[in-house]
There are 6 protein chains.
Amino acid sequence: MPARSLLADLTWYDFVDCVKSDPIIILPVGSVEQHGPHLPLSTDTLLPQALAEAVAERMGGLVAPPIAYGYKSQPKTGGGNHFPGTVSLDGEVLVGLVRNVINELARHGLRKIVLFDGHMENQWFLVEAADLSLRDQKMFRNTDLRIVKLGYWDFISKTTEELLFPDGSPSWELEHAAVMETSLMLHIRPDLVRRELIPNDPPAKFPPFDIYPFDTRPIPATGVLSPAASASAEKGAAVWTQVVADITEALSKAFDKQTSNV
Amino acid sequence: MPARSLLADLTWYDFVDCVKSDPIIILPVGSVEQHGPHLPLSTDTLLPQALAEAVAERMGGLVAPPIAYGYKSQPKTGGGNHFPGTVSLDGEVLVGLVRNVINELARHGLRKIVLFDGHMENQWFLVEAADLSLRDQKMFRNTDLRIVKLGYWDFISKTTEELLFPDGSPSWELEHAAVMETSLMLHIRPDLVRRELIPNDPPAKFPPFDIYPFDTRPIPATGVLSPAASASAEKGAAVWTQVVADITEALSKAFDKQTSNV
Amino acid sequence: MPARSLLADLTWYDFVDCVKSDPIIILPVGSVEQHGPHLPLSTDTLLPQALAEAVAERMGGLVAPPIAYGYKSQPKTGGGNHFPGTVSLDGEVLVGLVRNVINELARHGLRKIVLFDGHMENQWFLVEAADLSLRDQKMFRNTDLRIVKLGYWDFISKTTEELLFPDGSPSWELEHAAVMETSLMLHIRPDLVRRELIPNDPPAKFPPFDIYPFDTRPIPATGVLSPAASASAEKGAAVWTQVVADITEALSKAFDKQTSNV
Amino acid sequence: MPARSLLADLTWYDFVDCVKSDPIIILPVGSVEQHGPHLPLSTDTLLPQALAEAVAERMGGLVAPPIAYGYKSQPKTGGGNHFPGTVSLDGEVLVGLVRNVINELARHGLRKIVLFDGHMENQWFLVEAADLSLRDQKMFRNTDLRIVKLGYWDFISKTTEELLFPDGSPSWELEHAAVMETSLMLHIRPDLVRRELIPNDPPAKFPPFDIYPFDTRPIPATGVLSPAASASAEKGAAVWTQVVADITEALSKAFDKQTSNV
Amino acid sequence: MPARSLLADLTWYDFVDCVKSDPIIILPVGSVEQHGPHLPLSTDTLLPQALAEAVAERMGGLVAPPIAYGYKSQPKTGGGNHFPGTVSLDGEVLVGLVRNVINELARHGLRKIVLFDGHMENQWFLVEAADLSLRDQKMFRNTDLRIVKLGYWDFISKTTEELLFPDGSPSWELEHAAVMETSLMLHIRPDLVRRELIPNDPPAKFPPFDIYPFDTRPIPATGVLSPAASASAEKGAAVWTQVVADITEALSKAFDKQTSNV
Amino acid sequence: MPARSLLADLTWYDFVDCVKSDPIIILPVGSVEQHGPHLPLSTDTLLPQALAEAVAERMGGLVAPPIAYGYKSQPKTGGGNHFPGTVSLDGEVLVGLVRNVINELARHGLRKIVLFDGHMENQWFLVEAADLSLRDQKMFRNTDLRIVKLGYWDFISKTTEELLFPDGSPSWELEHAAVMETSLMLHIRPDLVRRELIPNDPPAKFPPFDIYPFDTRPIPATGVLSPAASASAEKGAAVWTQVVADITEALSKAFDKQTSNV
């Protein structure tokens with residue numbers, strides 16, 4: 001029997017059963033974006049998809065098919081949209097897509113939706129999609145819907161951070177295809193990581209503004225924004241375990257009427 | 001090493017290599033739609049995805065991450081959007097999404113794009129996306145782009161049809177979660193088929209018009225529009241082999257400057 | 001006194017009277033599209049307009065001014081949008097237009113709306129317009145609206161088909177400016193048919209996919225997709241009589257609370 | 001043979017011939033709007049359509065099928081959108097529709113387009129459509145297009161005005177279904193005028209602002225904004241003759257490279 | 001303490017206090033548009049802003065931050081959008097902006113909104129914004145909202161007109177950067193008026209139609225459409241005093257349940 | 001004579017002069033958003049407007065009228081859109097507005113545009129506006145345009161930070177109406193600050209996710225996210241001086257062909 005947490009694998013009879021338990025449903029939102037010479041273009045989709053499945057399994061929840069294309073990559077967070085292979089959406093299209101999916105899930109009686117982001121650049125468009133779908137639902141007089149939006153990286157604890165960066169210099173702002181993402185990929189999909197190509201260049205240095213068209217000079221040629229050589233499957237496993245546990249706990253509380261006021 | 005035909009699995013270095021050969025790139029477009037008691041909601045995505053991979057492999061081409069959500073299911077072709085679990089997009093959103101992806105692929109120098117449809121209801125919105133992205137490219141003075149739009153079912157030959165329907169009564173108009181789709185799923189993902197639940201009800205009978213909101217009376221309760229009991233993995237394999245070969249051949253000719261005038 | 005079935009000809013005092021009877025109102029949706037050397041560009045508007053008037057008259061209904069521009073002509077169904085004189089709309093505009101008209105008719109208390117299509121390419125955009133206007137009405141808490149969408153050709157009976165194609169080889173898929181449309185035009189507007197120019201070329205042969213920009217080679221130079229020489233006013237009269245009767249009957253039932261569950 | 005000035009009546013072969021002469025093409029833009037107890041809802045479409053045909057005939061030009069639905073009726077210019085039978089478009093839809101039609105005509109090589117307005121409320125949306133289609137054409141590097149937008153009433157001369165209002169009190173601001181429109185309708189379509197119902201109420205008096213939702217108190221119950229009893233077919237004929245001549249002359253000059261600098 | 005009539009200057013605590021009195025709130029809508037050699041680009045924003053503040057002060061009302069960019073300048077009303085420095089919005093953007101602001105004000109419980117226009121070209125887009133936001137509010141079941149749209153120039157009385165144009169020849173149609181606007185600016189912001197550059201050219205003469213792209217020949221080189229030399233601060237003061245008083249009185253009545261039926 | 005840096009105050013003759021020097025032009029983008037009991041709703045507009053004027057003056061540049069309404073306030077960055085007085089735009093409207101203004105400035109030959117943000121929530125929509133207007137310009141074959149997007153807070157140096165937070169605990173993430181903004185307002189507009197109402201509550205604590213509708217429990221009742229009592233005009237002056245100098249220098253380099261590769 002297929003995994004019960006994947007909406008894609010359910011029949012509609014299964015779905016009817018599932019909805020009865022008022023489950024959470026998680027929508028992974030990723031991208032097709034360069035991740036250096038060593039990670040696949042779909043890194044930002046694979047990671048939230050895998051994490052979402054782990055969380056859903058623990059919570060008896062569902063995972064909807066991921067949004068596999070994301071908002072335009074920016075130099076400081078993803079290297080920039082000009083890198084070959086990066087396939088991005090206009091903000092309006094991403095908003096419309098997520099808004100449609102939320103409204104459809106709500107139509108079927110789902111009331112606990114999680115937008116599980118794997119791509120920094122998506123975040124404000126997810127905020128807008130959440131706001132607009134709540135507005136739509138209000139017009140339909142549905143006031144039961146709750147939407148959580150999260151980036152899994154925001155759940156990494158101090159302890160895990162120290163494990164990732166034992167020399168005490170985390171570089172969250174430049175975490176793109178770097179230690180954390182590479183470690184997680186080594187943990188969940190080592191077959192897709194080209195270990196021999198992991199770059200270890202120094203952190204990129206950007207000015208405190210953005211310029212369009214991009215000034216490509218401060219952008220590392222590899223597209224990796226900070227040194228990644230210290231990545232390891234073990235670090236990935238540690239992040240995985242901690243983050244899955246903490247997201248699971250946070251969502252349980254967030255959607256629990258008794259511990260939440262929303 | 002990952003399969004070289006999946007865009008998702010490539011690094012951007014791989015992508016740069018790939019583009020040099022001027023490959024075709026296939027975008028599977030599916031849906032999350034009820035497919036009876038026996039097939040998963042993602043049937044219309046799984047099938048074009050798998051077929052596209054087989055075709056791409058034969059042609060040295062690429063497959064982009066699929067569009068996993070499609071246009072609203074209609075009674076006569078998919079049972080209707082009211083079935084639990086069916087998650088659909090507005091036409092405008094689907095058009096915008098495919099238009100964005102085409103334009104991005106064209107930006108990276110890809111010139112041979114295939115919209116590989118697995119869901120009848122998508123078709124006119126794919127036409128519109130193709131037309132609008134060609135208009136966009138024209139504004140950018142890119143006149144090299146060629147887009148093929150196809151539904152894999154349109155490639156099933158007379159011979160294969162006779163094999164699928166030995167009693168001589170094909171019911172293409174009501175092929176939804178029926179003999180053809182069930183056979184293909186038995187061939188490629190038998191783990192996702194609930195054989196014991198395959199319905200065998202008589203073909204649905206619809207009036208020669210459509211009514212909104214749906215008149216649910218002519219719609220079979222299972223969501224399966226014609227009898228499916230005669231489906232088999234063998235039939236699926238036959239469809240698979242013939243269709244993969246013929247699509248491969250057709251695309252080779254369609255994008256070949258020497259055999260095509262476009 | 002003007003015909004009472006044309007909304008255009010009514011005064012608003014007449015309209016107030018009319019609405020009291022809870023009439024159906026038919027919106028013909030056509031196109032400005034090449035129809036070969038012998039038929040006018042407005043063939044797809046003239047035919048549904050005339051048929052709609054006949055049906056409305058029999059039902060005490062109304063006909064709204066037609067949508068005279070339609071979706072982009074495609075090679076397999078209309079020759080293609082590149083033919084001189086074909087003036088088409090983007091999908092979004094056609095959807096918005098029909099959605100607006102439906103919502104306005106509903107605002108005035110009309111509850112039985114028929115989208116009467118004369119142009120194959122319009123169909124999915126009419127579906128979308130119907131869906132979106134029902135969504136709008138739901139937001140206004142109007143749940144009384146019923147919308148029927150039809151293509152008049154879908155009502156042609158087996159008997160009439162045999163009359164149209166006595167040699168037993170109907171070619172519905174390639175019926176564009178061919179036997180059926182030419183016959184109907186000879187019946188209702190012979191003054192607009194150039195009999196001497198009716199082509200009789202063999203049926204067009206298309207590959208099982210679509211390519212953009214169009215491959216113009218399989219498209220007949222005349223824009224007529226199958227032989228039309230056997231068209232006649234008599235055949236047109238036969239189609240007319242049967243189709244008007246059957247559409248009238250179908251609509252009567254479709255909007256009758258006693259025979260319909262919607 | 002059909003009138004050569006109606007695009008709708010041409011075959012595409014005719015159209016090819018026509019375009020060679022670089023003709024003007026006129027798009028009448030009207031409305032479905034209440035016009036009192038005595039005039040039909042389509043008055044604002046019938047009048048520009050008829051005038052456009054007369055002008056086109058004199059100039060060897062074409063008339064495209066009219067836009068039969070217009071922008072929302074306002075109290076001071078059309079009585080207001082709340083009157084039964086008034087069916088209006090959102091501004092965005094009207095703009096999109098006219099923009100599409102202009103772009104399509106330009107695609108076929110037409111370079112002299114006239115937006116011939118019959119409904120005051122349309123005017124700014126026609127301006128926007130003209131501006132946006134010129135922007136589109138600029139992106140396509142087509143700089144040949146010229147678009148004239150006119151309201152036929154703006155061509156009425158002082159002499160004709162005195163004939164219409166012999167008592168010296170024209171009320172152009174309140175000309176809706178009043179002397180001018182009623183006279184023109186008596187001239188071209190007397191069969192559609194209910195003479196016995198022509199109102200003769202005093203001119204409406206509105207405050208110098210607009211309020212939404214409408215304050216219906218200042219709006220005459222008939223929907224006619226000024227006395228119409230003095231309308232006559234003779235007055236209509238006079239307007240017709242003068243306006244057709246003057247528009248013809250104005251357009252000839254406007255599109256003549258020798259007399260125009262555009 | 002800051003002026004209590006400017007929304008911008010209030011804290012949210014102040015705002016809470018203000019709303020209790022059910023105040024009117026005025027949204028000035030202007031433009032960045034050439035106003036000849038002597039007036040600043042923001043004339044159409046400065047004037048309604050200043051007038052709105054005066055009116056709001058008298059009524060205990062609020063003034064929202066102005067919309068500082070307006071619809072595209074037209075030759076007959078503003079010289080045309082081609083003049084250097086004129087920065088305009090597409091109609092759709094202006095409509096969306098005003099619709100958003102109205103809906104937000106309504107969300108906070110404000111029920112008396114005034115769209116105070118300073119730029120002729122904005123007017124129909126303000127109408128559309130008002131209509132669409134009322135539609136939105138209807139979907140939210142808010143039926144309390146009243147929106148007044150006004151152009152301050154429509155309140156100028158006969159007496160004031162005679163004062164502005166003592167020679168008896170007002171030229172309202174060509175009032176752009178001319179006597180009235182220049183006088184008002186001399187009254188409220190003399191520091192921004194270049195008196196020595198006020199043009200006094202004869203009134204512009206336009207044909208009774210509009211052409212796109214603009215025919216620039218009839219447009220005065222200065223961008224001022226009628227002679228402005230007779231402008232004076234005294235005239236400006238007279239307009240100011242009368243218009244502020246009359247708008248104040250009109251709005252008091254318009255929003256008073258006892259004197260209004262809306 | 002008016003300040004030459006304000007576009008609003010220029011005549012079009014002035015503008016023509018200005019453009020000759022190829023100046024930068026700065027568009028301040030703010031919001032109407034609660035800023036606690038002590039700061040005005042327009043804080044996020046006043047600050048970038050004032051800073052932009054100072055920078056423009058030093059660079060001989062221009063400042064366009066500010067965008068006074070911004071994207072929807074979020075709990076973690078602005079307290080949330082539910083606070084009374086907060087008036088926000090949909091993302092699509094903000095994008096369209098900024099895109100329009102950029103395109104218009106580019107039409108007039110300006111090539112150095114700065115989006116000067118005063119409201120965190122605007123940032124991704126400014127990114128999208130910049131990207132889409134560059135796309136538009138590319139369609140017009142204008143490749144000269146450069147757009148800088150900045151948030152002034154990103155220019156605050158380590159030294160200034162230590163001055164702002166002498167106890168060594170900056171709380172940038174919760175800087176909303178807190179020490180930095182209050183200090184700047186005390187420096188530039190002390191008349192608008194209610195010193196007696198400056199709150200000094202402990203920093204807000206938010207979970208590592210966002211929930212919609214908002215969970216209002218972690219949001220301080222005042223809307224101020226971290227203690228603000230240590231704000232002072234002196235601190236504001238220090239921020240002002242340093243930031244104005246550094247932004248001026250950064251922009252000079254960013255738009256200098258010799259020091260920039262863009």
# chains A, B, ... in the order shown; residues from 1 in each chain; ligands from 1
$ interface_residues --of "chain F" --to "chain B" --cutoff "10 Å" --atoms "only C-alpha atoms" --output "list in words"
Arg135, Asp136, Lys138, Met139, Phe140 and Arg141 of chain F
$ write_last_selection --atoms "all heavy atoms" --output "mmCIF file, in the first residue's frame"
data_model
loop_
_atom_site.group_PDB
_atom_site.id
_atom_site.type_symbol
_atom_site.label_atom_id
_atom_site.label_comp_id
_atom_site.auth_asym_id
_atom_site.auth_seq_id
_atom_site.Cartn_x
_atom_site.Cartn_y
_atom_site.Cartn_z
ATOM 1 N N ARG F 135 12.579 43.950 -17.965
ATOM 2 C CA ARG F 135 12.056 43.107 -19.056
ATOM 3 C C ARG F 135 11.307 43.965 -20.079
ATOM 4 O O ARG F 135 11.471 43.799 -21.295
ATOM 5 C CB ARG F 135 11.110 42.051 -18.464
ATOM 6 C CG ARG F 135 10.557 41.081 -19.470
ATOM 7 C CD ARG F 135 9.392 40.267 -18.916
ATOM 8 N NE ARG F 135 9.831 39.324 -17.899
ATOM 9 C CZ ARG F 135 9.005 38.541 -17.204
ATOM 10 N NH1 ARG F 135 7.681 38.588 -17.430
ATOM 11 N NH2 ARG F 135 9.452 37.720 -16.297
ATOM 12 N N ASP F 136 10.473 44.880 -19.573
ATOM 13 C CA ASP F 136 9.748 45.781 -20.480
ATOM 14 C C ASP F 136 10.733 46.587 -21.322
ATOM 15 O O ASP F 136 10.562 46.726 -22.540
ATOM 16 C CB ASP F 136 8.881 46.755 -19.677
ATOM 17 C CG ASP F 136 7.753 46.085 -18.925
ATOM 18 O OD1 ASP F 136 7.309 45.007 -19.352
ATOM 19 O OD2 ASP F 136 7.306 46.635 -17.902
ATOM 20 N N LYS F 138 13.715 45.919 -22.075
ATOM 21 C CA LYS F 138 14.396 45.053 -23.033
ATOM 22 C C LYS F 138 13.537 44.879 -24.296
ATOM 23 O O LYS F 138 14.047 44.844 -25.417
ATOM 24 C CB LYS F 138 14.674 43.696 -22.376
ATOM 25 C CG LYS F 138 15.643 42.833 -23.155
ATOM 26 C CD LYS F 138 15.934 41.539 -22.396
ATOM 27 C CE LYS F 138 16.613 40.518 -23.298
ATOM 28 N NZ LYS F 138 16.557 39.169 -22.707
ATOM 29 N N MET F 139 12.214 44.764 -24.094
ATOM 30 C CA MET F 139 11.315 44.658 -25.243
ATOM 31 C C MET F 139 11.344 45.940 -26.083
ATOM 32 O O MET F 139 11.112 45.903 -27.289
ATOM 33 C CB MET F 139 9.904 44.333 -24.766
ATOM 34 C CG MET F 139 9.777 42.891 -24.262
ATOM 35 S SD MET F 139 8.120 42.531 -23.603
ATOM 36 C CE MET F 139 8.223 40.722 -23.388
ATOM 37 N N PHE F 140 11.610 47.053 -25.409
ATOM 38 C CA PHE F 140 11.736 48.331 -26.140
ATOM 39 C C PHE F 140 13.166 48.567 -26.634
ATOM 40 O O PHE F 140 13.470 49.640 -27.134
ATOM 41 C CB PHE F 140 11.356 49.497 -25.218
ATOM 42 C CG PHE F 140 9.900 49.601 -24.924
ATOM 43 C CD1 PHE F 140 9.450 49.767 -23.623
ATOM 44 C CD2 PHE F 140 8.954 49.527 -25.936
ATOM 45 C CE1 PHE F 140 8.101 49.872 -23.343
ATOM 46 C CE2 PHE F 140 7.603 49.635 -25.660
ATOM 47 C CZ PHE F 140 7.175 49.801 -24.359
ATOM 48 N N ARG F 141 14.044 47.575 -26.410
ATOM 49 C CA ARG F 141 15.455 47.698 -26.831
ATOM 50 C C ARG F 141 16.211 48.801 -26.079
ATOM 51 O O ARG F 141 17.167 49.343 -26.582
ATOM 52 C CB ARG F 141 15.555 47.950 -28.347
ATOM 53 C CG ARG F 141 15.262 46.723 -29.176
ATOM 54 C CD ARG F 141 14.809 47.070 -30.568
ATOM 55 N NE ARG F 141 13.590 47.846 -30.551
ATOM 56 C CZ ARG F 141 12.375 47.338 -30.350
ATOM 57 N NH1 ARG F 141 12.220 46.061 -30.179
ATOM 58 N NH2 ARG F 141 11.310 48.112 -30.323
#
$ select_by_dssp --residues "stretch 13-163 of chain F" --states "helix (DSSP H, G or I)" --output "MDAnalysis selection string"
chainID F and resid 13:20 43:59 75:78 91:107 120:139 152:155 158:163
$ select_by_dssp --residues "stretch 33-261 of chain E" --states "strand (DSSP E)" --output "count of residues only"
21
$ residues_around --residues "stretch 83-85 of chain F" --least-positions-apart "2" --cutoff "6 Å" --atoms "only C-alpha atoms" --output "ChimeraX atom specification"
/E:12,15 /F:81
$ residues_around --residues "D:Thr43" --least-positions-apart "6" --cutoff "8 Å" --atoms "only C-alpha atoms" --output "list of chain:residue names"
D:Gly30, D:Ser31, D:Val32, D:Glu33, D:His35, D:Glu181, D:Met185
$ write_last_selection --atoms "all heavy atoms" --output "compact mmCIF listing (two decimals), in the first residue's frame"
# COMPACT_ATOMS: atom_id res chain seq x y z
N GLY D 30 -20.14 50.13 -28.60
CA GLY D 30 -21.44 50.55 -28.08
C GLY D 30 -21.70 50.11 -26.67
O GLY D 30 -20.80 50.14 -25.82
N SER D 31 -22.91 49.69 -26.42
CA SER D 31 -23.30 49.23 -25.08
C SER D 31 -24.64 48.53 -25.16
O SER D 31 -25.32 48.59 -26.19
CB SER D 31 -23.41 50.43 -24.12
OG SER D 31 -24.52 51.24 -24.48
N VAL D 32 -24.97 47.85 -24.10
CA VAL D 32 -26.35 47.39 -23.86
C VAL D 32 -26.80 48.20 -22.66
O VAL D 32 -26.43 47.91 -21.53
CB VAL D 32 -26.39 45.88 -23.58
CG1 VAL D 32 -27.80 45.46 -23.19
CG2 VAL D 32 -25.90 45.09 -24.79
N GLU D 33 -27.57 49.25 -22.92
CA GLU D 33 -27.86 50.23 -21.87
C GLU D 33 -29.28 50.75 -22.04
O GLU D 33 -29.72 51.03 -23.16
CB GLU D 33 -26.88 51.40 -21.99
CG GLU D 33 -26.97 52.40 -20.86
CD GLU D 33 -26.21 53.69 -21.19
OE1 GLU D 33 -26.14 54.08 -22.39
OE2 GLU D 33 -25.67 54.31 -20.27
N HIS D 35 -32.27 52.95 -22.57
CA HIS D 35 -32.45 54.22 -23.29
C HIS D 35 -33.91 54.65 -23.21
O HIS D 35 -34.52 54.99 -24.23
CB HIS D 35 -31.98 54.09 -24.74
CG HIS D 35 -30.52 54.37 -24.93
ND1 HIS D 35 -29.56 53.48 -24.52
CD2 HIS D 35 -29.84 55.44 -25.44
CE1 HIS D 35 -28.34 53.98 -24.79
NE2 HIS D 35 -28.49 55.16 -25.34
N GLU D 181 -30.38 61.45 -29.89
CA GLU D 181 -30.40 60.00 -30.10
C GLU D 181 -31.74 59.52 -30.63
O GLU D 181 -31.81 58.65 -31.51
CB GLU D 181 -30.05 59.26 -28.80
CG GLU D 181 -28.58 59.40 -28.41
CD GLU D 181 -28.18 58.45 -27.30
OE1 GLU D 181 -29.05 58.02 -26.51
OE2 GLU D 181 -26.98 58.12 -27.21
N MET D 185 -32.41 57.66 -34.22
CA MET D 185 -33.06 56.35 -34.28
C MET D 185 -34.33 56.42 -35.14
O MET D 185 -34.63 55.47 -35.88
CB MET D 185 -33.39 55.84 -32.88
CG MET D 185 -32.18 55.36 -32.10
SD MET D 185 -31.35 53.91 -32.84
CE MET D 185 -32.51 52.60 -32.41
$ residues_around --residues "D:Leu115" --least-positions-apart "6" --cutoff "8 Å" --atoms "only C-alpha atoms" --output "VMD selection string"
chain D and resid 26 to 29 126 147 to 150
$ residues_around --residues "C:Val95" --least-positions-apart "2" --cutoff "10 Å" --atoms "only C-alpha atoms" --output "ChimeraX atom specification"
/B:91-92 /C:71,89-93,97-100,122,124-133 /D:93
$ residues_around --residues "A:Pro170" --least-positions-apart "2" --cutoff "12 Å" --atoms "only C-alpha atoms" --output "PyMOL selection string"
chain A and resi 156+158+160-168+172-175+178-180+203+226-228+230
$ atom_distance --atom1 "atom CA of B:His38" --atom2 "atom CA of A:Ala8"
13.0 Å
$ atom_distance --atom1 "atom CA of C:Trp240" --atom2 "atom CA of C:Lys253"
20.0 Å
$ atom_distance --atom1 "atom CA of D:Phe116" --atom2 "atom CA of D:Tyr152"
7.2 Å
$ closest_residue --among "F:Leu51, F:Ile102, F:Leu225, F:Ala177" --to "F:Thr241" --atoms "only C-alpha atoms"
F:Leu51
